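*Asks:* CSV, C-alpha atoms, saved as work.csv, coming up:
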chain,number,residue,atom,x,y,z
A,1,MET,CA,0.0,0.0,0.0
A,2,GLU,CA,1.3,3.4,-0.9
A,3,LEU,CA,0.6,6.3,1.4
A,4,LYS,CA,-0.3,9.7,-0.1
A,5,TYR,CA,0.9,12.2,2.5
A,6,ASN,CA,-0.1,15.8,2.8
A,7,SER,CA,1.0,16.6,6.4
A,8,VAL,CA,4.1,15.2,8.0
A,9,LEU,CA,5.8,15.7,11.4
A,10,VAL,CA,9.6,15.6,11.3
A,11,THR,CA,11.2,15.3,14.7
A,12,GLY,CA,14.8,16.5,14.8
A,13,ALA,CA,14.1,18.9,12.0
A,14,ALA,CA,17.1,21.1,12.8
A,15,GLY,CA,19.4,18.1,12.6
A,16,PHE,CA,21.4,16.9,9.7
A,17,ILE,CA,19.0,14.3,8.2
A,18,GLY,CA,15.9,16.1,9.5
A,19,PHE,CA,16.8,19.3,7.7
A,20,HIS,CA,17.5,17.6,4.4
A,21,LEU,CA,14.3,15.5,4.6
A,22,SER,CA,12.1,18.5,5.6
A,23,LYS,CA,13.5,20.5,2.6
A,24,ARG,CA,12.8,17.6,0.2
A,25,LEU,CA,9.2,17.2,1.4
A,26,LEU,CA,8.6,20.9,1.3
A,27,GLU,CA,9.9,21.1,-2.3
A,28,GLU,CA,7.4,18.3,-3.1
A,29,GLY,CA,4.5,20.5,-1.7
A,30,CYS,CA,4.0,18.7,1.5
A,31,GLN,CA,2.9,20.4,4.7
A,32,VAL,CA,5.8,19.9,7.2
A,33,MET,CA,5.9,20.6,10.9
A,34,GLY,CA,9.4,20.3,12.4
A,35,ILE,CA,10.2,19.9,16.1
A,36,ASP,CA,13.6,20.0,17.7
A,37,ASN,CA,15.0,20.9,21.2
A,38,LEU,CA,18.1,22.5,19.6
A,39,ASN,CA,20.4,21.0,22.3
A,40,ASP,CA,24.0,21.9,22.5
A,41,TYR,CA,25.5,18.5,21.8
A,42,TYR,CA,27.1,20.3,18.8
A,43,ASP,CA,27.1,23.9,17.5
A,44,VAL,CA,23.5,25.3,17.9
A,45,SER,CA,24.2,28.0,15.4
A,46,LEU,CA,24.5,25.3,12.7
A,47,LYS,CA,21.1,24.0,13.6
A,48,GLU,CA,19.7,27.5,13.5
A,49,ALA,CA,21.2,28.1,10.1
A,50,ARG,CA,19.5,24.9,8.8
A,51,LEU,CA,16.2,26.2,10.1
A,52,GLU,CA,16.7,29.5,8.4
A,53,LYS,CA,16.9,27.6,5.1
A,54,LEU,CA,13.5,26.1,5.8
A,55,LYS,CA,11.7,29.3,6.9
A,56,PRO,CA,11.0,30.6,3.4
A,57,PHE,CA,8.7,27.6,2.7
A,58,GLN,CA,5.1,28.7,3.4
A,59,LYS,CA,4.1,25.1,4.3
A,60,PHE,CA,6.8,24.8,7.0
A,61,SER,CA,6.2,25.4,10.7
A,62,PHE,CA,8.6,24.8,13.6
A,63,VAL,CA,8.2,24.3,17.3
A,64,ARG,CA,11.1,24.2,19.7
A,65,MET,CA,10.4,21.5,22.2
A,66,ASP,CA,11.7,18.3,23.8
A,67,MET,CA,10.0,15.1,23.0
A,68,ALA,CA,10.5,13.9,26.5
A,69,GLN,CA,8.0,16.5,27.6
A,70,ARG,CA,4.9,14.4,27.0
A,71,GLU,CA,2.2,17.1,27.4
A,72,ASP,CA,3.9,19.5,25.0
A,73,LEU,CA,4.2,16.7,22.4
A,74,GLU,CA,0.6,15.7,22.8
A,75,LYS,CA,-0.6,19.3,22.3
A,76,ILE,CA,0.9,19.3,18.8
A,77,PHE,CA,-0.9,16.1,17.9
A,78,LYS,CA,-4.2,17.5,19.2
A,79,ASP,CA,-3.8,20.6,17.0
A,80,VAL,CA,-2.6,18.9,13.8
A,81,GLN,CA,-3.6,15.7,12.1
A,82,PHE,CA,-0.4,14.1,10.6
A,83,ASP,CA,-0.5,11.5,7.8
A,84,ALA,CA,3.0,10.4,8.7
A,85,VAL,CA,5.6,10.9,11.4
A,86,VAL,CA,9.3,10.6,10.7
A,87,ASN,CA,11.2,10.4,14.0
A,88,LEU,CA,14.8,11.6,13.5
A,89,ALA,CA,15.2,13.2,16.9
A,90,ALA,CA,17.7,11.4,19.1
A,91,GLN,CA,20.8,11.9,21.2
A,92,ALA,CA,23.4,11.0,18.7
A,93,GLY,CA,27.0,9.7,19.0
A,94,VAL,CA,28.5,6.5,20.2
A,95,ARG,CA,31.4,7.9,22.2
A,96,TYR,CA,29.3,10.6,23.9
A,97,SER,CA,27.1,7.8,25.3
A,98,LEU,CA,30.0,6.7,27.5
A,99,LYS,CA,30.0,10.1,29.2
A,100,ASN,CA,26.4,11.1,29.4
A,101,PRO,CA,24.1,8.0,29.3
A,102,HIS,CA,21.1,9.7,30.8
A,103,ALA,CA,20.8,12.0,27.7
A,104,TYR,CA,20.2,8.8,25.6
A,105,VAL,CA,17.6,7.5,28.0
A,106,GLN,CA,15.6,10.7,27.9
A,107,ALA,CA,15.8,11.4,24.2
A,108,ASN,CA,16.0,8.0,22.6
A,109,LEU,CA,13.7,6.0,25.0
A,110,VAL,CA,11.4,8.4,26.9
A,111,GLY,CA,11.0,10.6,23.9
A,112,PHE,CA,10.4,7.7,21.5
A,113,VAL,CA,7.7,6.2,23.7
A,114,ASN,CA,5.9,9.6,23.8
A,115,ILE,CA,6.0,9.6,19.9
A,116,LEU,CA,4.6,6.0,19.8
A,117,GLU,CA,1.8,6.9,22.2
A,118,CYS,CA,0.8,10.0,20.2
A,119,CYS,CA,0.9,8.1,16.9
A,120,ARG,CA,-1.3,5.4,18.5
A,121,HIS,CA,-3.9,7.8,19.9
A,122,TYR,CA,-4.1,10.2,17.0
A,123,ARG,CA,-4.2,7.5,14.4
A,124,VAL,CA,-1.1,8.3,12.4
A,125,LYS,CA,-1.0,6.2,9.2
A,126,HIS,CA,2.7,5.5,9.2
A,127,LEU,CA,5.6,6.0,11.7
A,128,VAL,CA,9.0,5.9,10.1
A,129,PHE,CA,11.9,6.1,12.6
A,130,ALA,CA,15.6,6.3,12.5
A,131,SER,CA,17.5,3.3,13.8
A,132,SER,CA,21.2,2.8,13.1
A,133,SER,CA,23.8,0.5,11.7
A,134,SER,CA,25.2,0.5,15.2
A,135,VAL,CA,22.6,-2.1,16.2
A,136,TYR,CA,24.7,-4.7,14.5
A,137,GLY,CA,27.1,-4.4,17.4
A,138,ALA,CA,29.4,-7.4,17.8
A,139,ASN,CA,28.1,-9.1,14.6
A,140,THR,CA,30.9,-9.9,12.1
A,141,LYS,CA,29.0,-11.6,9.3
A,142,MET,CA,29.1,-9.2,6.3
A,143,PRO,CA,27.2,-7.6,4.8
A,144,PHE,CA,24.9,-6.8,7.7
A,145,SER,CA,21.3,-7.9,6.9
A,146,VAL,CA,18.1,-6.9,8.6
A,147,HIS,CA,17.4,-10.6,8.8
A,148,HIS,CA,20.4,-11.2,11.1
A,149,ASN,CA,20.0,-11.3,14.9
A,150,VAL,CA,21.1,-8.1,16.6
A,151,ASP,CA,21.1,-8.8,20.3
A,152,HIS,CA,24.7,-7.9,21.1
A,153,PRO,CA,25.1,-4.1,21.1
A,154,VAL,CA,28.4,-2.6,22.1
A,155,SER,CA,27.3,0.9,23.1
A,156,LEU,CA,24.4,2.5,24.9
A,157,TYR,CA,23.6,4.4,21.8
A,158,ALA,CA,23.2,1.2,19.8
A,159,ALA,CA,21.2,-0.4,22.7
A,160,SER,CA,18.8,2.6,22.6
A,161,LYS,CA,18.3,2.2,18.9
A,162,LYS,CA,17.7,-1.5,19.2
A,163,ALA,CA,15.2,-0.6,22.0
A,164,ASN,CA,13.4,1.7,19.5
A,165,GLU,CA,12.9,-1.2,17.1
A,166,LEU,CA,11.5,-3.4,19.9
A,167,LEU,CA,9.2,-0.7,21.2
A,168,ALA,CA,7.9,0.1,17.7
A,169,HIS,CA,7.3,-3.6,17.0
A,170,THR,CA,5.3,-3.9,20.3
A,171,TYR,CA,3.0,-1.0,19.2
A,172,SER,CA,2.6,-2.6,15.8
A,173,HIS,CA,1.6,-5.8,17.5
A,174,LEU,CA,-0.7,-4.3,20.1
A,175,TYR,CA,-2.3,-1.4,18.1
A,176,LYS,CA,-1.7,-2.3,14.5
A,177,LEU,CA,0.4,0.9,14.2
A,178,PRO,CA,2.4,0.7,10.9
A,179,CYS,CA,6.0,1.2,11.8
A,180,THR,CA,9.2,1.2,9.6
A,181,GLY,CA,12.7,1.4,11.1
A,182,LEU,CA,15.6,2.6,9.0
A,183,ARG,CA,19.1,1.6,9.9
A,184,PHE,CA,21.3,4.4,8.5
A,185,PHE,CA,24.9,3.7,7.6
A,186,THR,CA,27.5,6.5,8.3
A,187,VAL,CA,25.6,9.4,6.8
A,188,TYR,CA,27.7,12.3,5.4
A,189,GLY,CA,27.3,15.4,3.2
A,190,SER,CA,26.7,19.2,3.2
A,191,TRP,CA,25.2,20.6,6.4
A,192,GLY,CA,26.6,17.5,8.2
A,193,ARG,CA,27.3,17.0,11.9
A,194,PRO,CA,30.5,18.5,13.3
A,195,ASP,CA,31.1,15.3,15.4
A,196,MET,CA,31.4,13.1,12.3
A,197,ALA,CA,34.6,12.0,10.7
A,198,LEU,CA,34.4,14.0,7.4
A,199,PHE,CA,33.6,17.3,9.3
A,200,LEU,CA,36.3,16.7,11.9
A,201,PHE,CA,39.0,15.7,9.4
A,202,THR,CA,38.2,18.6,7.0
A,203,LYS,CA,38.3,21.1,9.8
A,204,ALA,CA,41.5,19.8,11.3
A,205,ILE,CA,43.4,19.4,8.0
A,206,LEU,CA,42.5,22.9,6.8
A,207,ALA,CA,43.7,24.3,10.2
A,208,GLY,CA,47.0,22.3,10.1
A,209,GLU,CA,45.9,20.3,13.2
A,210,THR,CA,46.4,16.6,13.8
A,211,ILE,CA,43.6,14.1,13.1
A,212,LYS,CA,42.9,11.1,15.3
A,213,VAL,CA,42.9,7.9,13.3
A,214,PHE,CA,41.3,5.1,15.3
A,215,ASN,CA,42.1,1.4,15.1
A,216,HIS,CA,45.2,2.5,13.2
A,217,GLY,CA,43.1,3.2,10.1
A,218,LYS,CA,41.9,-0.4,9.9
A,219,MET,CA,38.2,0.7,10.1
A,220,GLN,CA,35.7,0.2,7.3
A,221,ARG,CA,32.6,2.3,6.9
A,222,ASP,CA,29.7,2.1,4.5
A,223,PHE,CA,29.6,5.9,3.9
A,224,THR,CA,26.2,7.0,2.6
A,225,TYR,CA,25.6,10.4,1.0
A,226,ILE,CA,22.7,12.5,2.5
A,227,ASP,CA,20.8,12.7,-0.7
A,228,ASP,CA,20.7,8.9,-1.0
A,229,ILE,CA,19.5,8.7,2.6
A,230,VAL,CA,16.7,11.2,2.0
A,231,GLU,CA,15.6,9.4,-1.2
A,232,GLY,CA,15.4,6.2,0.7
A,233,VAL,CA,13.4,7.7,3.5
A,234,VAL,CA,10.9,9.4,1.1
A,235,ARG,CA,10.3,6.1,-0.8
A,236,VAL,CA,9.9,4.1,2.4
A,237,MET,CA,7.5,6.7,3.8
A,238,LYS,CA,5.1,6.0,1.0
A,239,LYS,CA,5.1,2.2,1.5
A,240,ILE,CA,3.1,1.2,4.5
A,241,PRO,CA,4.5,-2.1,5.9
A,242,ALA,CA,2.2,-5.1,5.5
A,243,PRO,CA,2.2,-8.1,7.8
A,244,ASN,CA,4.4,-10.9,6.4
A,245,PRO,CA,2.1,-14.0,6.0
A,246,ASP,CA,5.2,-16.3,5.9
A,247,TRP,CA,6.5,-15.1,9.3
A,248,ASN,CA,7.0,-18.1,11.6
A,249,GLY,CA,7.5,-18.0,15.4
A,250,ASP,CA,9.5,-21.2,15.2
A,251,SER,CA,12.2,-19.5,13.2
A,252,PRO,CA,11.5,-15.7,13.7
A,253,ASP,CA,12.7,-13.4,11.0
A,254,PRO,CA,14.0,-10.2,12.7
A,255,GLY,CA,13.5,-8.1,9.6
A,256,THR,CA,9.8,-8.6,9.2
A,257,SER,CA,6.8,-9.5,11.3
A,258,TYR,CA,3.2,-10.8,11.4
A,259,ALA,CA,2.5,-7.2,12.5
A,260,PRO,CA,2.6,-4.2,10.2
A,261,TYR,CA,6.3,-3.7,10.9
A,262,LYS,CA,9.5,-3.6,8.8
A,263,VAL,CA,13.2,-2.7,9.1
A,264,TYR,CA,15.4,-1.6,6.2
A,265,ASN,CA,19.1,-0.8,5.9
A,266,ILE,CA,20.0,2.3,4.0
A,267,GLY,CA,23.7,2.2,3.1
A,268,ASN,CA,25.9,2.6,0.1
A,269,ASN,CA,26.6,-1.1,0.0
A,270,HIS,CA,30.3,-0.4,-0.5
A,271,PRO,CA,32.5,-0.3,2.6
A,272,VAL,CA,35.6,1.9,2.4
A,273,GLU,CA,38.7,1.7,4.7
A,274,LEU,CA,39.4,4.8,6.8
A,275,THR,CA,42.8,5.3,5.3
A,276,GLU,CA,41.3,5.5,1.8
A,277,PHE,CA,38.6,7.9,3.1
A,278,ILE,CA,41.3,10.2,4.5
A,279,ALA,CA,43.3,10.1,1.2
A,280,MET,CA,40.2,11.3,-0.7
A,281,ILE,CA,39.8,14.2,1.7
A,282,GLU,CA,43.5,15.1,1.4
A,283,LYS,CA,43.3,15.0,-2.4
A,284,THR,CA,40.2,17.2,-2.5
A,285,LEU,CA,41.7,19.7,-0.1
A,286,GLY,CA,45.1,19.6,-1.6
A,287,LYS,CA,46.7,19.2,1.8
A,288,THR,CA,48.2,16.3,3.7
A,289,ALA,CA,46.8,15.4,7.1
A,290,GLN,CA,49.0,15.1,10.2
A,291,LYS,CA,47.8,11.8,11.7
A,292,GLU,CA,47.8,10.3,15.2
A,293,PHE,CA,47.1,6.6,15.1
A,294,LEU,CA,45.1,5.2,18.0
A,295,ASP,CA,43.5,2.0,19.2
A,296,LEU,CA,39.8,1.1,18.6
A,297,GLN,CA,37.7,3.2,20.9
A,298,PRO,CA,35.2,1.6,23.3
A,299,GLY,CA,31.8,1.3,21.7
A,300,ASP,CA,33.1,1.5,18.1
A,301,VAL,CA,32.9,-1.4,15.7
A,302,PRO,CA,35.7,-2.2,13.2
A,303,ALA,CA,33.5,-2.3,10.1
A,304,THR,CA,30.0,-1.7,8.7
A,305,TYR,CA,28.6,-2.9,5.4
A,306,ALA,CA,24.9,-2.8,4.4
A,307,ASP,CA,22.9,-5.5,2.7
A,308,ILE,CA,20.2,-3.5,0.9
A,309,ASP,CA,18.4,-6.2,-1.0
A,310,ASP,CA,15.1,-5.6,0.8
A,311,LEU,CA,15.3,-1.9,0.1
A,312,ILE,CA,15.9,-2.5,-3.6
A,313,ARG,CA,13.1,-5.1,-3.8
A,314,ASP,CA,10.5,-3.2,-1.9
A,315,VAL,CA,11.0,0.4,-3.0
A,316,GLY,CA,13.3,0.1,-6.1
A,317,PHE,CA,16.1,2.2,-4.7
A,318,LYS,CA,19.8,1.7,-4.3
A,319,PRO,CA,22.1,4.5,-3.0
A,320,SER,CA,24.5,5.4,-5.8
A,321,THR,CA,26.5,8.6,-5.0
A,322,PRO,CA,30.2,7.9,-5.3
A,323,LEU,CA,32.2,8.7,-2.2
A,324,LYS,CA,34.6,11.0,-4.1
A,325,THR,CA,31.6,13.0,-5.4
A,326,GLY,CA,30.0,13.3,-1.9
A,327,ILE,CA,33.3,14.4,-0.3
A,328,GLU,CA,33.8,17.1,-3.0
A,329,ARG,CA,30.2,18.4,-2.4
A,330,PHE,CA,30.8,18.5,1.4
A,331,ILE,CA,34.1,20.3,1.2
A,332,SER,CA,32.6,22.8,-1.3
A,333,TRP,CA,29.8,23.5,1.2
A,334,TYR,CA,32.2,23.7,4.2
A,335,ARG,CA,34.4,26.3,2.4
A,336,ASP,CA,31.4,28.3,1.5
A,337,TYR,CA,29.7,28.1,4.9
A,338,TYR,CA,32.8,28.9,7.0
A,339,GLY,CA,34.4,31.2,4.5
A,340,VAL,CA,37.5,29.1,4.0
A,341,LYS,CA,39.3,30.0,0.9
A,342,GLY,CA,41.2,27.5,-1.3
A,343,ARG,CA,40.7,25.5,-4.4
Just dump the structure as structure tokens.
*Replies:*
Amino acid sequence: MELKYNSVLVTGAAGFIGFHLSKRLLEEGCQVMGIDNLNDYYDVSLKEARLEKLKPFQKFSFVRMDMAQREDLEKIFKDVQFDAVVNLAAQAGVRYSLKNPHAYVQANLVGFVNILECCRHYRVKHLVFASSSSVYGANTKMPFSVHHNVDHPVSLYAASKKANELLAHTYSHLYKLPCTGLRFFTVYGSWGRPDMALFLFTKAILAGETIKVFNHGKMQRDFTYIDDIVEGVVRVMKKIPAPNPDWNGDSPDPGTSYAPYKVYNIGNNHPVELTEFIAMIEKTLGKTAQKEFLDLQPGDVPATYADIDDLIRDVGFKPSTPLKTGIERFISWYRDYYGVKGR
């Protein structure tokens, strides 16, 4: 079943993915309400600048609020009937979860339950929510498939995202709420997050500062360009998950369900080693990085690699932006946004 959506709530609308998705939906003529608490996990001015880019759209409205505040969230659902909700709000970051675990409980667990409750009571047709490739945790069988068991997370962030999937499935089972979880793989691109590798490396190399290369460069990531992520989200939004008639409790398939619930990977399906990634940045910047090689950090995984067969089969989409192209676009944006001259 394909959903025709006129009104969409995007949580985390001032965030990296939330901004790009909101812009895409608005360009398609959709009514979009964005909510975000604008927390200071990273530069708030960057979040505010993203929102400024959305303000000219007449069909965009924004409310600054924290999803953990249940009454504030419910008031929004009372006032507006949403066809679909895309939950992208979360406390992000693997390493930060080692320092501030309570932030993840409030945003990723309490906030998400509040979203589920509102979607249930106000009869939202489809809840699409961000999960993460981090849920694969200690898994080593590659490529990572949504049909693999993911019961061994290695960070609190990953555990909170796995919990989102479990909570969403429960609501699909109990209340027939259609839910689709999206496991994003290392998203990058213009207007990206300052705590992510591409942003950190670009900033440091241009400033002549040392970059930290974890696991001595022997990391692999399935880098996925932001436009590909958004295209995947938009296509999945329109496809309401149907119960899988072949699902069997004797050999349960984690990727589907007897309930209206589904999980997809959205990744580039092409892992790249960290040393190669850095070399591409260096070539684009025309500068060589000063490198400090370090051990694997607690909570990090050595490699990610997405199996996207289900995504291709169900919505006819495969991410295709070459890493070189995506890096060039990001660096062009970075130079323009921060006024850094150079080629």
*Asks:* Skipping near chain neighbours, those fewer than 2 positions away, what residues fall within 6 Å of Thr224 in chain A using only C-alpha atoms, listed as a PyMOL selection string?
*Replies:* chain A and resi 186-187+267-268
*Asks:* Quick one: write out the picked residues with C-alpha atoms as a tab-separated table (two decimals), in the frame of the given file?
*Replies:*
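The resulting result.tsv:
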chain	number	residue	atom	x	y	z
A	186	THR	CA	27.50	6.50	8.30
A	187	VAL	CA	25.60	9.40	6.80
A	267	GLY	CA	23.70	2.20	3.10
A	268	ASN	CA	25.90	2.60	0.10
*Asks:* Please measure the separation of CA of Asp151 in chain A and CA of Lys176 in chain A, giving the value in Å to one decimal.
*Replies:*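 CA of Lys176 in chain A lies 24.4 Å from CA of Asp151 in chain A.
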*Asks:* Just give me the gap between CA of Ser133 in chain A and CA of Ile312 in chain A in Å, one decimal is fine.
*Replies:* 17.5 Å
*Asks:* Pick out the closest residue to Lys291 in chain A from this set: A:Val315, A:Met65, A:Ala49, A:Leu274. Count all atoms listed in the file.
*Replies:*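 Smallest distance to Lys291 in chain A is found for A:Leu274.
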*Asks:* Excluding Met33 in chain A and its own-chain neighbours fewer than 2 positions away, which residues fall within 9 Å of it when counting all atoms listed in the file? Please give them as a VMD selection string.
*Replies:* chain A and resid 7 to 11 13 22 31 35 59 to 63
